[in-house]
Amino acid sequence: MSIHAINTRNQFRGHVVAIHRGDVVSEIEVETAAGVVSAILTSSSIDRLGLAVGDEALALFKATEVLIAKLEP
C-alpha cells in the first residue's frame, strides 16, 4: 500500500533505526534528514504495519501546542 495524498504538512521521510518493544506499547525511532523522530505506538500496530529496523518510513505529526523557552547563555 502507498499513500497517494495526505493533508499533514509535518512529515519526514526516513528509515527505522530502532524499535524498543514492550508487551503493549513500543517506541520506534525513525532517522530523518532533520534528526531522529521517536514515537510511541501500540505493539500490535507495529506488527500490523510490519515495521522492522531498516524499513523506509514516513513520520507524520500534528501538534496542537508548541512551547518555546529562552535558554540562558
# chains A, B, ... in the order shown; residues from 1 in each chain; ligands from 1
call {"tool": "residues_around", "arguments": {"residues": "Thr8 of chain A", "least_positions_apart": "2", "cutoff": "9 Å", "atoms": "only C-alpha atoms", "output": "ChimeraX atom specification"}}
result
/A:6,10-11,60-62
call {"tool": "select_by_dssp", "arguments": {"residues": "segment 22-71 of chain A", "states": "strand (DSSP E)", "output": "list in words"}}
result
Val25, Ser26, Glu27, Ile28, Glu29, Val30, Glu31, Thr32, Gly35, Val36, Val37, Ser38, Ala39, Ile40, Leu41, Thr42, Glu56, Ala57, Leu58, Ala59 and Leu60 of chain A
call {"tool": "write_last_selection", "arguments": {"atoms": "N, CA and C atoms", "output": "mmCIF file, in the first residue's frame"}}
result
data_model
loop_
_atom_site.group_PDB
_atom_site.id
_atom_site.type_symbol
_atom_site.label_atom_id
_atom_site.label_comp_id
_atom_site.auth_asym_id
_atom_site.auth_seq_id
_atom_site.Cartn_x
_atom_site.Cartn_y
_atom_site.Cartn_z
ATOM 1 N N VAL A 25 2.852 -1.477 24.488
ATOM 2 C CA VAL A 25 3.294 -0.333 23.695
ATOM 3 C C VAL A 25 4.782 -0.459 23.397
ATOM 4 N N SER A 26 5.197 0.160 22.301
ATOM 5 C CA SER A 26 6.587 0.123 21.867
ATOM 6 C C SER A 26 6.997 1.510 21.412
ATOM 7 N N GLU A 27 8.312 1.764 21.438
ATOM 8 C CA GLU A 27 8.854 3.018 20.923
ATOM 9 C C GLU A 27 9.581 2.718 19.626
ATOM 10 N N ILE A 28 9.347 3.542 18.633
ATOM 11 C CA ILE A 28 10.018 3.377 17.344
ATOM 12 C C ILE A 28 10.797 4.654 17.056
ATOM 13 N N GLU A 29 11.996 4.515 16.495
ATOM 14 C CA GLU A 29 12.839 5.654 16.147
ATOM 15 C C GLU A 29 13.065 5.646 14.650
ATOM 16 N N VAL A 30 12.800 6.800 14.025
ATOM 17 C CA VAL A 30 12.974 6.960 12.586
ATOM 18 C C VAL A 30 14.018 8.045 12.366
ATOM 19 N N GLU A 31 15.110 7.701 11.686
ATOM 20 C CA GLU A 31 16.145 8.696 11.388
ATOM 21 C C GLU A 31 15.769 9.417 10.113
ATOM 22 N N THR A 32 15.678 10.752 10.215
ATOM 23 C CA THR A 32 15.302 11.595 9.088
ATOM 24 C C THR A 32 16.421 12.604 8.841
ATOM 25 N N GLY A 35 16.782 14.780 11.792
ATOM 26 C CA GLY A 35 17.166 14.146 13.054
ATOM 27 C C GLY A 35 16.291 12.934 13.308
ATOM 28 N N VAL A 36 16.430 12.379 14.498
ATOM 29 C CA VAL A 36 15.669 11.182 14.853
ATOM 30 C C VAL A 36 14.316 11.587 15.434
ATOM 31 N N VAL A 37 13.256 10.997 14.892
ATOM 32 C CA VAL A 37 11.902 11.209 15.389
ATOM 33 C C VAL A 37 11.480 9.930 16.107
ATOM 34 N N SER A 38 11.026 10.075 17.356
ATOM 35 C CA SER A 38 10.570 8.925 18.135
ATOM 36 C C SER A 38 9.064 8.991 18.300
ATOM 37 N N ALA A 39 8.449 7.823 18.339
ATOM 38 C CA ALA A 39 7.006 7.757 18.533
ATOM 39 C C ALA A 39 6.664 6.540 19.371
ATOM 40 N N ILE A 40 5.585 6.654 20.125
ATOM 41 C CA ILE A 40 5.057 5.536 20.902
ATOM 42 C C ILE A 40 3.852 4.994 20.149
ATOM 43 N N LEU A 41 3.885 3.712 19.844
ATOM 44 C CA LEU A 41 2.791 3.032 19.153
ATOM 45 C C LEU A 41 2.420 1.798 19.947
ATOM 46 N N THR A 42 1.222 1.314 19.707
ATOM 47 C CA THR A 42 0.905 0.019 20.302
ATOM 48 C C THR A 42 1.748 -1.030 19.575
ATOM 49 N N GLU A 56 11.979 1.768 5.255
ATOM 50 C CA GLU A 56 11.704 3.163 4.968
ATOM 51 C C GLU A 56 10.361 3.498 5.607
ATOM 52 N N ALA A 57 10.277 4.676 6.211
ATOM 53 C CA ALA A 57 9.047 5.069 6.895
ATOM 54 C C ALA A 57 8.822 6.565 6.729
ATOM 55 N N LEU A 58 7.602 6.971 6.956
ATOM 56 C CA LEU A 58 7.229 8.372 6.917
ATOM 57 C C LEU A 58 6.707 8.741 8.292
ATOM 58 N N ALA A 59 7.389 9.667 8.965
ATOM 59 C CA ALA A 59 6.954 10.142 10.279
ATOM 60 C C ALA A 59 6.044 11.343 10.053
ATOM 61 N N LEU A 60 4.800 11.218 10.487
ATOM 62 C CA LEU A 60 3.811 12.283 10.340
ATOM 63 C C LEU A 60 3.404 12.754 11.721
#
call {"tool": "atom_distance", "arguments": {"atom1": "atom CA of Ala52 of chain A", "atom2": "atom CA of Asp23 of chain A"}}
result
16.4 Å
call {"tool": "atom_distance", "arguments": {"atom1": "atom CA of Thr64 of chain A", "atom2": "atom CA of Ser45 of chain A"}}
result
23.0 Å
call {"tool": "select_by_dssp", "arguments": {"residues": "chain A", "states": "helix (DSSP H, G or I)", "output": "list in words"}}
result
Ser43, Ser44, Ser45, Ile46, Asp47, Arg48 and Leu49 of chain A
call {"tool": "closest_residue", "arguments": {"among": "A:Lys70, A:His4, A:Arg21, A:Arg13", "to": "Asp55 of chain A", "atoms": "only C-alpha atoms"}}
result
A:Arg13
call {"tool": "closest_residue", "arguments": {"among": "A:Glu65, A:Ala33, A:Ala5, A:Gly54", "to": "Val17 of chain A", "atoms": "only C-alpha atoms"}}
result
A:Gly54
call {"tool": "closest_residue", "arguments": {"among": "A:His20, A:Gly14, A:Asn7, A:Ala69", "to": "Ala34 of chain A", "atoms": "only C-alpha atoms"}}
result
A:Gly14
